[in-house]
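K.L.:
Structure supplied as entry.cif; contents: mmCIF, C-alpha atoms.
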data_coords
#
loop_
_atom_site.label_atom_id
_atom_site.label_comp_id
_atom_site.auth_asym_id
_atom_site.auth_seq_id
_atom_site.Cartn_x
_atom_site.Cartn_y
_atom_site.Cartn_z
CA MET A 9 0.00 0.00 0.00
CA LYS A 10 1.19 3.50 -0.82
CA LEU A 11 0.14 6.15 1.67
CA ARG A 12 -0.36 9.80 0.87
CA GLY A 13 -1.61 12.87 2.71
CA PRO A 14 -4.73 14.87 2.07
CA ALA A 15 -3.20 16.75 -0.81
CA GLY A 16 -1.02 14.55 -2.79
CA ALA A 17 -11.82 -15.10 27.67
CA VAL A 18 -14.03 -18.31 26.97
CA ALA A 19 -17.38 -17.99 25.23
CA GLY A 20 -20.43 -18.65 27.37
CA LEU A 21 -18.94 -17.48 30.69
CA ALA A 22 -21.04 -14.94 32.54
CA MET A 23 -19.69 -11.55 33.53
CA ALA A 24 -17.54 -11.81 36.66
CA LEU A 25 -18.27 -9.17 39.24
CA SER A 26 -17.98 -8.61 42.94
CA LEU A 27 -20.11 -6.42 45.15
CA ALA A 28 -18.80 -3.91 47.61
CA ALA A 29 -20.46 -3.79 51.03
CA CYS A 30 -23.04 -1.26 49.85
CA GLY A 31 -24.03 -3.26 46.75
CA SER A 32 -26.65 -5.99 46.84
CA GLY A 33 -29.26 -7.83 44.81
CA ASP A 34 -29.36 -9.04 41.22
CA THR A 35 -26.54 -7.51 39.18
CA SER A 36 -27.30 -8.80 35.72
CA PRO A 37 -27.39 -6.07 33.06
CA GLY A 38 -30.78 -4.54 32.63
CA THR A 39 -32.12 -5.21 36.13
CA THR A 40 -33.45 -2.33 38.17
CA GLY A 41 -33.16 -3.46 41.80
CA GLY A 42 -31.20 -1.32 44.24
CA GLY A 43 -30.05 1.20 41.68
CA ALA A 44 -29.09 4.83 41.76
CA GLY A 45 -32.69 5.90 42.02
CA ALA A 46 -33.34 3.67 45.04
CA ALA A 47 -30.10 4.76 46.74
CA GLY A 48 -30.69 8.42 46.01
CA GLY A 49 -27.56 8.73 43.93
CA LYS A 50 -28.03 11.01 40.98
CA VAL A 51 -26.24 10.45 37.68
CA GLY A 52 -25.05 13.35 35.57
CA ILE A 53 -24.65 13.02 31.82
CA ASP A 54 -23.03 15.23 29.23
CA HIS A 55 -23.75 14.71 25.56
CA PRO A 56 -20.79 15.48 23.28
CA ARG A 57 -22.55 17.16 20.37
CA ALA A 58 -25.86 17.65 18.58
CA ASP A 59 -24.62 18.10 15.02
CA SER A 60 -24.34 14.37 14.24
CA ASP A 61 -27.17 11.99 13.36
CA PHE A 62 -25.44 9.27 15.37
CA TRP A 63 -25.19 11.33 18.53
CA ASN A 64 -28.72 12.66 18.14
CA SER A 65 -29.89 9.04 18.01
CA TYR A 66 -27.90 8.23 21.16
CA ILE A 67 -29.41 11.27 22.90
CA LYS A 68 -32.93 10.03 22.09
CA TYR A 69 -32.15 6.67 23.68
CA VAL A 70 -30.84 8.11 26.98
CA PRO A 71 -34.15 9.00 28.72
CA GLU A 72 -35.72 5.75 27.50
CA LYS A 73 -32.89 3.66 28.95
CA ALA A 74 -32.77 5.74 32.15
CA LYS A 75 -36.44 4.95 32.74
CA GLU A 76 -35.90 1.29 31.90
CA LEU A 77 -33.03 1.03 34.40
CA SER A 78 -34.57 3.34 37.05
CA VAL A 79 -31.62 5.71 36.92
CA ASP A 80 -32.05 9.02 38.76
CA LEU A 81 -30.75 11.15 35.92
CA LEU A 82 -30.01 14.85 36.19
CA PRO A 83 -30.95 17.09 33.25
CA ALA A 84 -28.39 16.43 30.52
CA THR A 85 -25.83 18.97 29.36
CA ASN A 86 -24.20 19.21 25.92
CA SER A 87 -20.57 20.22 25.50
CA GLN A 88 -20.86 20.83 21.74
CA ASN A 89 -17.51 19.21 20.89
CA ASP A 90 -15.71 21.69 23.19
CA VAL A 91 -13.58 20.26 26.01
CA GLN A 92 -13.79 23.50 28.02
CA LYS A 93 -17.58 23.28 27.94
CA LEU A 94 -17.32 19.64 28.97
CA VAL A 95 -15.22 20.65 32.00
CA ALA A 96 -17.68 23.42 32.92
CA ASN A 97 -20.69 21.12 32.42
CA THR A 98 -19.08 18.41 34.56
CA ASN A 99 -18.46 20.89 37.38
CA ALA A 100 -22.08 22.04 37.14
CA LEU A 101 -23.37 18.44 37.31
CA VAL A 102 -21.21 17.78 40.39
CA GLY A 103 -22.61 20.96 41.93
CA GLN A 104 -26.11 19.59 41.35
CA GLY A 105 -25.25 16.47 43.35
CA ALA A 106 -24.14 13.97 40.71
CA LYS A 107 -22.64 10.84 42.28
CA ALA A 108 -21.46 9.50 38.92
CA ILE A 109 -20.81 11.14 35.56
CA VAL A 110 -21.39 9.83 32.05
CA MET A 111 -19.45 11.67 29.36
CA ALA A 112 -18.11 11.20 25.86
CA PRO A 113 -14.95 13.35 25.62
CA GLN A 114 -14.10 14.08 22.01
CA ASP A 115 -10.58 15.22 22.92
CA THR A 116 -9.40 12.16 24.84
CA GLY A 117 -6.17 13.77 26.02
CA ALA A 118 -7.45 17.10 27.32
CA ILE A 119 -9.93 15.55 29.78
CA VAL A 120 -7.27 13.90 32.00
CA SER A 121 -7.09 16.57 34.73
CA THR A 122 -10.89 16.61 35.05
CA LEU A 123 -10.96 12.82 35.47
CA GLU A 124 -8.31 13.09 38.20
CA GLN A 125 -10.31 15.78 40.01
CA LEU A 126 -13.47 13.65 39.87
CA ALA A 127 -11.53 10.64 41.22
CA ASN A 128 -10.30 12.75 44.14
CA LYS A 129 -13.95 13.55 44.89
CA LYS A 130 -14.80 9.81 44.60
CA ILE A 131 -17.13 10.47 41.68
CA PRO A 132 -16.81 7.60 39.15
CA VAL A 133 -16.86 8.29 35.43
CA VAL A 134 -18.30 6.24 32.58
CA SER A 135 -16.95 7.26 29.19
CA VAL A 136 -19.10 6.49 26.16
CA ASP A 137 -17.71 5.78 22.70
CA THR A 138 -14.33 7.33 23.50
CA ARG A 139 -11.56 6.07 25.77
CA PRO A 140 -9.65 8.77 27.67
CA ASP A 141 -5.91 8.52 27.08
CA LYS A 142 -5.19 8.81 30.80
CA GLY A 143 -7.09 9.53 34.01
CA PRO A 144 -9.19 7.06 36.03
CA VAL A 145 -12.43 5.76 34.53
CA TYR A 146 -14.89 3.32 36.12
CA MET A 147 -15.86 1.92 32.72
CA VAL A 148 -15.50 2.80 29.07
CA VAL A 149 -18.48 1.75 26.95
CA ARG A 150 -17.53 1.49 23.31
CA ALA A 151 -16.95 -0.95 20.50
CA ASP A 152 -13.59 -2.08 19.17
CA ASN A 153 -12.77 0.86 16.93
CA ARG A 154 -9.73 -0.83 15.42
CA ALA A 155 -12.13 -3.50 14.17
CA TYR A 156 -14.03 -0.70 12.38
CA GLY A 157 -10.96 0.22 10.36
CA GLN A 158 -10.11 -3.43 9.71
CA LYS A 159 -13.63 -4.24 8.45
CA ALA A 160 -13.67 -1.18 6.22
CA CYS A 161 -10.25 -2.02 4.78
CA GLU A 162 -11.20 -5.62 3.99
CA PHE A 163 -14.50 -4.57 2.42
CA LEU A 164 -12.91 -2.02 0.11
CA GLY A 165 -9.82 -4.13 -0.54
CA ASP A 166 -11.94 -7.02 -1.74
CA LYS A 167 -14.27 -4.84 -3.81
CA LEU A 168 -11.29 -3.27 -5.59
CA GLY A 169 -9.50 -6.59 -6.06
CA GLY A 170 -6.48 -5.32 -4.15
CA LYS A 171 -5.66 -2.55 -6.63
CA GLY A 172 -6.54 1.11 -7.08
CA GLU A 173 -6.98 4.27 -5.02
CA VAL A 174 -9.13 5.01 -1.98
CA VAL A 175 -9.82 7.94 0.34
CA GLN A 176 -9.93 7.71 4.12
CA LEU A 177 -12.09 10.53 5.51
CA MET A 178 -10.71 10.53 9.03
CA GLY A 179 -12.18 11.97 12.20
CA SER A 180 -10.08 13.89 14.68
CA LEU A 181 -6.73 12.34 15.53
CA SER A 182 -6.94 13.97 18.99
CA SER A 183 -9.64 11.34 19.61
CA VAL A 184 -8.72 7.72 20.30
CA ASN A 185 -11.55 6.72 17.96
CA GLY A 186 -10.08 8.65 15.07
CA ARG A 187 -6.64 7.22 15.75
CA ASP A 188 -7.88 3.63 16.15
CA ARG A 189 -9.92 3.69 12.95
CA ALA A 190 -7.22 5.43 10.94
CA GLU A 191 -4.35 3.26 12.13
CA ALA A 192 -6.25 -0.01 11.67
CA PHE A 193 -7.38 0.93 8.16
CA ARG A 194 -3.87 2.06 7.22
CA ASP A 195 -2.15 -1.01 8.72
CA CYS A 196 -4.62 -3.41 7.08
CA MET A 197 -4.16 -1.82 3.66
CA LYS A 198 -0.38 -1.93 4.01
CA THR A 199 -0.42 -5.58 5.08
CA LYS A 200 -3.18 -7.07 2.94
CA TYR A 201 -3.65 -4.77 -0.05
CA ALA A 202 -0.27 -3.32 -0.97
CA GLY A 203 -1.55 -2.47 -4.44
CA ILE A 204 -4.01 0.12 -3.11
CA THR A 205 -3.01 3.75 -2.63
CA VAL A 206 -4.67 5.49 0.35
CA TYR A 207 -5.23 9.24 0.43
CA GLU A 208 -5.88 10.50 3.95
CA ALA A 209 -8.12 13.44 4.79
CA PRO A 210 -8.20 14.52 8.48
CA THR A 211 -11.64 16.11 8.72
CA GLU A 212 -11.81 16.72 12.51
CA TRP A 213 -15.34 15.18 12.38
CA ASP A 214 -16.39 18.19 10.32
CA GLY A 215 -18.71 17.65 7.35
CA GLY A 216 -17.65 20.86 5.61
CA LYS A 217 -13.98 19.90 5.77
CA ALA A 218 -14.84 16.41 4.54
CA ALA A 219 -16.65 17.81 1.50
CA ALA A 220 -13.81 20.19 0.60
CA MET A 221 -11.11 17.56 1.00
CA LEU A 222 -13.03 14.93 -0.95
CA GLN A 223 -13.75 17.40 -3.72
CA THR A 224 -10.05 18.23 -4.02
CA LEU A 225 -8.92 14.61 -3.92
CA LEU A 226 -11.39 13.55 -6.61
CA GLN A 227 -10.15 16.36 -8.85
CA GLN A 228 -6.53 15.44 -8.28
CA HIS A 229 -7.04 11.67 -8.49
CA PRO A 230 -9.97 10.80 -10.79
CA GLY A 231 -9.11 7.11 -10.46
CA ILE A 232 -10.35 6.94 -6.86
CA LYS A 233 -12.72 3.98 -6.51
CA GLY A 234 -13.24 3.71 -2.75
CA ILE A 235 -14.07 5.90 0.25
CA TYR A 236 -13.90 5.02 3.95
CA MET A 237 -15.84 7.47 6.12
CA HIS A 238 -15.00 7.42 9.82
CA ALA A 239 -18.44 8.73 10.79
CA GLY A 240 -21.55 8.59 8.68
CA GLY A 241 -23.27 10.94 11.07
CA VAL A 242 -21.11 13.82 9.86
CA HIS A 243 -19.58 12.48 6.63
CA LEU A 244 -22.50 10.86 4.80
CA ALA A 245 -24.44 13.88 3.57
CA PRO A 246 -21.40 15.87 2.32
CA THR A 247 -19.94 12.79 0.65
CA LEU A 248 -23.16 12.07 -1.22
CA GLN A 249 -23.40 15.73 -2.25
CA VAL A 250 -19.88 15.72 -3.69
CA LEU A 251 -20.43 12.44 -5.54
CA LYS A 252 -23.73 13.69 -6.94
CA ALA A 253 -22.15 16.94 -8.14
CA LYS A 254 -19.53 14.92 -9.99
CA ASN A 255 -22.09 12.52 -11.49
CA LEU A 256 -20.53 9.71 -9.49
CA LEU A 257 -23.56 8.87 -7.36
CA VAL A 258 -24.44 5.81 -9.42
CA PRO A 259 -25.46 2.24 -8.49
CA PRO A 260 -22.87 -0.52 -7.95
CA THR A 261 -23.68 -1.96 -11.38
CA ASP A 262 -22.32 1.21 -13.02
CA ALA A 263 -18.61 1.23 -13.86
CA LYS A 264 -18.33 4.76 -12.40
CA HIS A 265 -19.54 3.61 -8.95
CA ILE A 266 -17.24 4.50 -6.07
CA PHE A 267 -17.48 1.96 -3.26
CA VAL A 268 -18.23 3.62 0.08
CA VAL A 269 -18.04 2.08 3.55
CA SER A 270 -18.94 4.05 6.65
CA ASN A 271 -19.19 3.87 10.45
CA ASP A 272 -22.23 4.57 12.66
CA GLY A 273 -25.27 2.53 11.52
CA ILE A 274 -27.71 5.43 11.38
CA PRO A 275 -30.99 5.12 9.44
CA GLN A 276 -29.69 7.50 6.78
CA GLU A 277 -26.81 5.13 6.01
CA PHE A 278 -29.20 2.20 5.75
CA ALA A 279 -31.33 4.18 3.30
CA ALA A 280 -28.23 4.97 1.25
CA ILE A 281 -27.25 1.28 1.19
CA ARG A 282 -30.74 0.32 0.00
CA ALA A 283 -30.52 2.99 -2.71
CA GLY A 284 -27.13 1.72 -3.88
CA GLN A 285 -25.45 5.03 -3.00
CA ILE A 286 -23.09 3.54 -0.43
CA ASP A 287 -22.18 -0.08 0.08
CA ALA A 288 -21.64 -0.79 3.78
CA THR A 289 -21.41 0.62 7.28
CA VAL A 290 -20.28 -0.62 10.67
CA SER A 291 -23.21 -0.30 13.06
CA GLN A 292 -22.11 1.44 16.24
CA PRO A 293 -24.71 0.41 18.85
CA ALA A 294 -26.17 3.77 19.86
CA ASP A 295 -28.90 2.03 21.83
CA LEU A 296 -26.44 -0.16 23.73
CA TYR A 297 -24.13 2.78 24.32
CA ALA A 298 -26.97 4.57 26.13
CA LYS A 299 -28.14 1.43 27.96
CA TYR A 300 -24.79 0.27 29.29
CA ALA A 301 -23.41 3.73 30.01
CA LEU A 302 -26.34 4.25 32.38
CA TYR A 303 -26.16 0.65 33.64
CA TYR A 304 -22.53 1.07 34.66
CA ALA A 305 -23.11 4.54 36.12
CA LYS A 306 -25.87 3.06 38.27
CA ALA A 307 -23.59 0.15 39.26
CA ALA A 308 -20.86 2.63 40.21
CA VAL A 309 -23.22 4.56 42.49
CA ASP A 310 -24.20 1.23 44.09
CA GLY A 311 -20.54 0.36 44.75
CA LYS A 312 -20.36 -2.59 42.37
CA THR A 313 -17.14 -3.58 40.66
CA PHE A 314 -16.35 -5.62 37.55
CA THR A 315 -13.48 -7.73 36.27
CA PRO A 316 -12.24 -8.46 32.73
CA GLY A 317 -13.84 -11.26 30.76
CA PRO A 318 -16.87 -12.16 28.64
CA THR A 319 -20.19 -10.62 29.58
CA ASP A 320 -23.76 -11.87 29.34
CA HIS A 321 -24.55 -9.35 26.58
CA ASP A 322 -22.22 -10.59 23.81
CA SER A 323 -19.32 -8.32 24.67
CA THR A 324 -16.00 -8.52 26.47
CA ILE A 325 -14.65 -6.38 29.29
CA ILE A 326 -10.95 -5.67 28.86
CA GLN A 327 -8.41 -4.15 31.24
CA LEU A 328 -7.09 -0.69 30.46
CA PRO A 329 -4.17 1.09 32.15
CA ASN A 330 -6.69 3.52 33.64
CA GLY A 331 -9.81 1.37 34.13
CA LEU A 332 -12.01 -1.13 32.27
CA GLU A 333 -13.66 -1.14 28.87
CA ASP A 334 -16.77 -3.04 27.78
CA GLN A 335 -16.34 -3.65 24.06
CA LEU A 336 -19.82 -3.98 22.61
CA PRO A 337 -20.53 -5.76 19.29
CA ALA A 338 -20.63 -3.69 16.10
CA PRO A 339 -21.64 -5.65 12.98
CA LEU A 340 -20.88 -4.81 9.36
CA VAL A 341 -24.08 -3.91 7.50
CA THR A 342 -24.40 -4.40 3.73
CA LYS A 343 -27.30 -4.84 1.29
CA ASP A 344 -27.50 -8.47 2.50
CA ASN A 345 -28.50 -7.61 6.09
CA VAL A 346 -29.55 -3.96 5.98
CA ASP A 347 -33.19 -4.87 6.69
CA ASP A 348 -32.34 -6.85 9.84
CA LYS A 349 -34.87 -5.65 12.44
CA ALA A 350 -32.35 -6.30 15.24
CA LEU A 351 -30.20 -3.38 14.06
CA TRP A 352 -30.90 -0.24 16.10
CA GLY A 353 -30.91 1.83 12.94
CA ASN A 354 -34.06 -0.03 11.88
CA GLN A 355 -35.77 0.51 15.24
CA ILE A 356 -35.32 4.18 16.05
CA LYS A 357 -38.11 6.54 15.06
#
I need this file expressed as structure tokens, please.
P.N.:
Amino acid sequence: MKLRGPAGAVAGLAMALSLAACGSGDTSPGTTGGGAGAAGGKVGIDHPRADSDFWNSYIKYVPEKAKELSVDLLPATNSQNDVQKLVANTNALVGQGAKAIVMAPQDTGAIVSTLEQLANKKIPVVSVDTRPDKGPVYMVVRADNRAYGQKACEFLGDKLGGKGEVVQLMGSLSSVNGRDRAEAFRDCMKTKYAGITVYEAPTEWDGGKAAAMLQTLLQQHPGIKGIYMHAGGVHLAPTLQVLKAKNLLVPPTDAKHIFVVSNDGIPQEFAAIRAGQIDATVSQPADLYAKYALYYAKAAVDGKTFTPGPTDHDSTIIQLPNGLEDQLPAPLVTKDNVDDKALWGNQIK
């Protein structure tokens, strides 16, 4: 693979957990006994942004899952992709009596000091979708983002027969998610599809930047036949607009078709797959992100602890240097399974 810049542990085991003195009762995921609401422990939650279809879907799930799990949830804040606002919102939630915090820091390095301050106050943190680089976390709830990049690479590599040119519309490399997806895609291409040239476009999760960079790359390299979008929630619409403007938004049966694989699993991506406009996406479980973020926040308030290993909800908890991470399943969606009713993107209204 040639790389260029933007310009040029046994299955079937149940989750192992132990209860601290203050924890009691049934601890299986989804139960509601003895939770934060019963103990009087409020949970604060900050949403990371409202300019992404994926995150807006997650936000819709939060009150539903809070009710389902009997979580005493404070009114949510939104940090609008700004770490300073996240810090201020977190302080405000603590001031309102939050005994645990759910957040999704988009800059996974800049949040370290805030995590340390919360730990000193004995306020546990659950991080959703992103894994802080450092700083103590009770649990990270996310999927294996390196697997996203690997799946995207293999899909495009096979579609192109191991030869040609592709674009990687990357998120922000200050985010562990952007780094994981980018590195895995890059490494896979280098190892498995050396005949494919990859053009990288760091979009900072910004749709406008994605459109401008893709426009430029398609002008400079008209032979591009594949696109990997790190986030359909922000990249899908601008990508389709650029392809349409260039008369390249054609079905897979057309020789001009550019194969597109995305990440998120939002309804809009599913519609685009059905229409033949894009070819695949990795379904990030927005519903499970909301459910298990609140589940673990409630468990933290109740003094419960967890250990690495397989869970009873088809995931695996792994050990991190600064806490634990529950890696939830994230399937590849293509025209073959896009109508699967089990996918959250086919359930949300």
K.L.:
Since I can't run it myself right now, could you work out what the PyMOL selection byres ((chain A and resi 326-333) around 10) selects here and report it as a PyMOL selection string?
P.N.:
chain A and resi 17+133-136+139-152+314-318+323-325+334-336
K.L.:
Excluding segment 302-304 of chain A and residues on its chain fewer than 2 positions from it, collect all residues at most 9 Å away from it, counting only C-alpha atoms, and give them as a PyMOL selection string.
P.N.:
chain A and resi 37-39+43+51+53+70+73-74+77+79+81+110+134+146-147+149+297-300+306-309+312
K.L.:
Step by step, work through what the PyMOL selection byres ((chain A and resi 86-90) around 8) selects in the shown file, and finish by giving those residues as JSON, numbers by chain.
P.N.:
{"A": [54, 55, 56, 57, 58, 84, 85, 91, 92, 93, 94, 97, 113, 114]}
K.L.:
Taking only C-alpha atoms into account, name the residue in A:Met197, A:Ser121, A:Thr313, A:Pro293 that is nearest to Trp352 of chain A.
P.N.:
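Looking only at the distances to Trp352 of chain A, the closest residue turns out to be A:Pro293.
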K.L.:
As number ranges by chain, please: the residues near Ala219 of chain A (cut-off 10 Å, all atoms listed in the file, same-chain neighbours under 3 positions excluded).
P.N.:
A: 177, 211, 214-216, 222-225, 243-251
K.L.:
To one decimal place, how far is atom CA of Val242 of chain A from atom CA of Ala288 of chain A in Å?
P.N.:
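For atom CA of Val242 of chain A relative to atom CA of Ala288 of chain A, the distance reads 15.8 Å.
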K.L.:
For Ala338 of chain A, which residue out of A:Glu162, A:Glu191, A:Glu208, A:Asp295 is the nearest one, using only C-alpha atoms?
P.N.:
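Distance minimum relative to Ala338 of chain A lands on A:Asp295.
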K.L.:
Report as an MDAnalysis selection string the residues that result from applying the PyMOL selection byres ((chain A and resi 165) around 10) to the structure here.
P.N.:
chainID A and resid 159:164 166:174 196:197 200:204 234
K.L.:
Could you work out how far atom CA of Ala279 of chain A lies from atom CA of Lys349 of chain A, giving the answer in Å with one decimal?
P.N.:
13.9 Å
K.L.:
In terms of the shortest atom-to-atom distance over only C-alpha atoms, which of A:Asp287, A:Asp348, A:Glu124, A:Asp80 is closest to Gly105 of chain A?
P.N.:
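Selected residue with least distance to Gly105 of chain A: A:Asp80.
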K.L.:
Which residue out of A:Lys357, A:Lys198, A:Lys343, A:Lys50 has the minimum interatomic distance to Gly284 of chain A when only C-alpha atoms are used?
P.N.:
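Selected residue with least distance to Gly284 of chain A: A:Lys343.
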K.L.:
One decimal, Å: what's the distance from atom CA of Pro83 of chain A over to atom CA of Gly179 of chain A, could you say?
P.N.:
28.7 Å
K.L.:
Which residue is closest to Pro230 of chain A? Choose from A:Lys254, A:Arg187, A:Arg282, A:Lys217 and count all atoms listed in the file.
P.N.:
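Nearest candidate to Pro230 of chain A out of A:Lys254, A:Arg187, A:Arg282, A:Lys217: A:Lys254.
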K.L.:
Write out as a PDB file with C-alpha atoms, keeping the file's coordinate frame which residues come within 9 Å of Gln104 of chain A when counting only C-alpha atoms, dropping same-chain ones fewer than 5 positions away.
P.N.:
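Here's the written file selection-v6.pdb:
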ATOM      1  CA  LYS A  50     -28.030  11.010  40.980  1.00  0.00           C
ATOM      2  CA  GLY A  52     -25.050  13.350  35.570  1.00  0.00           C
ATOM      3  CA  LEU A  82     -30.010  14.850  36.190  1.00  0.00           C
ATOM      4  CA  ASN A  99     -18.460  20.890  37.380  1.00  0.00           C
TER       5      ASN A  99
END
K.L.:
So which residues are close to (-22.8, 1.1, -5.9), meaning at most 10 Å away in the file's coordinates with all atoms listed in the file counted, and can you show them as a VMD selection string?
P.N.:
chain A and resid 256 to 268 280 to 288
K.L.:
List the spatial neighbours of Ala294 of chain A as a VMD selection string - criterion: any atom at most 9 Å away, all atoms listed in the file, same-chain residues fewer than 3 positions off excluded.
P.N.:
chain A and resid 62 to 63 65 to 67 69 272 to 274 291 297 to 299 352 to 353
K.L.:
With all atoms listed in the file as the counted atoms, please give the residues lying no more than 7 Å from Gly157 of chain A, apart from itself and same-chain residues fewer than 4 positions off, as a compact mmCIF listing (two decimals) with C-alpha atoms, keeping the file's coordinate frame.
P.N.:
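Saved as out_23.txt:
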# COMPACT_ATOMS: atom_id res chain seq x y z
CA ASN A 153 -12.77 0.86 16.93
CA CYS A 161 -10.25 -2.02 4.78
CA ARG A 189 -9.92 3.69 12.95
CA ALA A 190 -7.22 5.43 10.94
CA ALA A 192 -6.25 -0.01 11.67
CA PHE A 193 -7.38 0.93 8.16
K.L.:
With distances taken over all atoms listed in the file, which of A:Thr199, A:Thr205, A:Asn345, A:Asn185 is nearest to Gln292 of chain A?
P.N.:
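Among the listed residues, A:Asn185 lies closest to Gln292 of chain A.
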K.L.:
Reconstruct N, CA, C and O atoms of segment 107-124 of chain A; output as a compact mmCIF listing (two decimals), in the coordinates of the input.
P.N.:
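Written output follows (rebuild22.txt):
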# COMPACT_ATOMS: atom_id res chain seq x y z
N LYS A 107 -23.50 11.81 41.62
CA LYS A 107 -22.64 10.84 42.28
C LYS A 107 -21.87 9.99 41.28
O LYS A 107 -21.00 9.20 41.65
N ALA A 108 -22.19 10.13 40.02
CA ALA A 108 -21.46 9.50 38.92
C ALA A 108 -21.69 10.35 37.68
O ALA A 108 -22.72 11.03 37.57
N ILE A 109 -20.74 10.34 36.78
CA ILE A 109 -20.81 11.14 35.56
C ILE A 109 -20.66 10.25 34.34
O ILE A 109 -19.77 9.39 34.28
N VAL A 110 -21.53 10.46 33.36
CA VAL A 110 -21.39 9.83 32.05
C VAL A 110 -20.99 10.91 31.07
O VAL A 110 -21.63 11.97 30.99
N MET A 111 -19.92 10.68 30.34
CA MET A 111 -19.45 11.67 29.36
C MET A 111 -18.93 10.96 28.13
O MET A 111 -18.73 9.74 28.12
N ALA A 112 -18.69 11.73 27.09
CA ALA A 112 -18.11 11.20 25.86
C ALA A 112 -17.09 12.21 25.35
O ALA A 112 -17.33 12.91 24.37
N PRO A 113 -15.93 12.33 26.00
CA PRO A 113 -14.95 13.35 25.62
C PRO A 113 -14.43 13.15 24.20
O PRO A 113 -13.93 12.08 23.86
N GLN A 114 -14.57 14.17 23.39
CA GLN A 114 -14.10 14.08 22.01
C GLN A 114 -12.60 14.29 21.91
O GLN A 114 -11.94 13.74 21.02
N ASP A 115 -12.03 15.09 22.79
CA ASP A 115 -10.58 15.22 22.92
C ASP A 115 -10.17 14.35 24.09
O ASP A 115 -10.34 14.72 25.25
N THR A 116 -9.63 13.16 23.80
CA THR A 116 -9.40 12.16 24.84
C THR A 116 -8.12 12.40 25.63
O THR A 116 -7.83 11.68 26.59
N GLY A 117 -7.36 13.42 25.26
CA GLY A 117 -6.17 13.77 26.02
C GLY A 117 -6.42 14.91 26.98
O GLY A 117 -5.89 14.95 28.09
N ALA A 118 -7.25 15.87 26.55
CA ALA A 118 -7.45 17.10 27.32
C ALA A 118 -8.34 16.92 28.54
O ALA A 118 -8.47 17.85 29.34
N ILE A 119 -8.98 15.76 28.68
CA ILE A 119 -9.93 15.55 29.78
C ILE A 119 -9.26 14.93 31.01
O ILE A 119 -9.91 14.76 32.05
N VAL A 120 -7.97 14.64 30.94
CA VAL A 120 -7.27 13.90 32.00
C VAL A 120 -7.38 14.59 33.37
O VAL A 120 -7.72 13.95 34.37
N SER A 121 -7.08 15.88 33.43
CA SER A 121 -7.09 16.57 34.73
C SER A 121 -8.49 16.56 35.36
O SER A 121 -8.62 16.44 36.58
N THR A 122 -9.52 16.66 34.54
CA THR A 122 -10.89 16.61 35.05
C THR A 122 -11.20 15.23 35.63
O THR A 122 -11.84 15.12 36.68
N LEU A 123 -10.75 14.18 34.97
CA LEU A 123 -10.96 12.82 35.47
C LEU A 123 -10.25 12.63 36.81
O LEU A 123 -10.78 12.00 37.73
N GLU A 124 -9.05 13.20 36.94
CA GLU A 124 -8.31 13.09 38.20
C GLU A 124 -9.02 13.83 39.32
O GLU A 124 -9.10 13.36 40.45
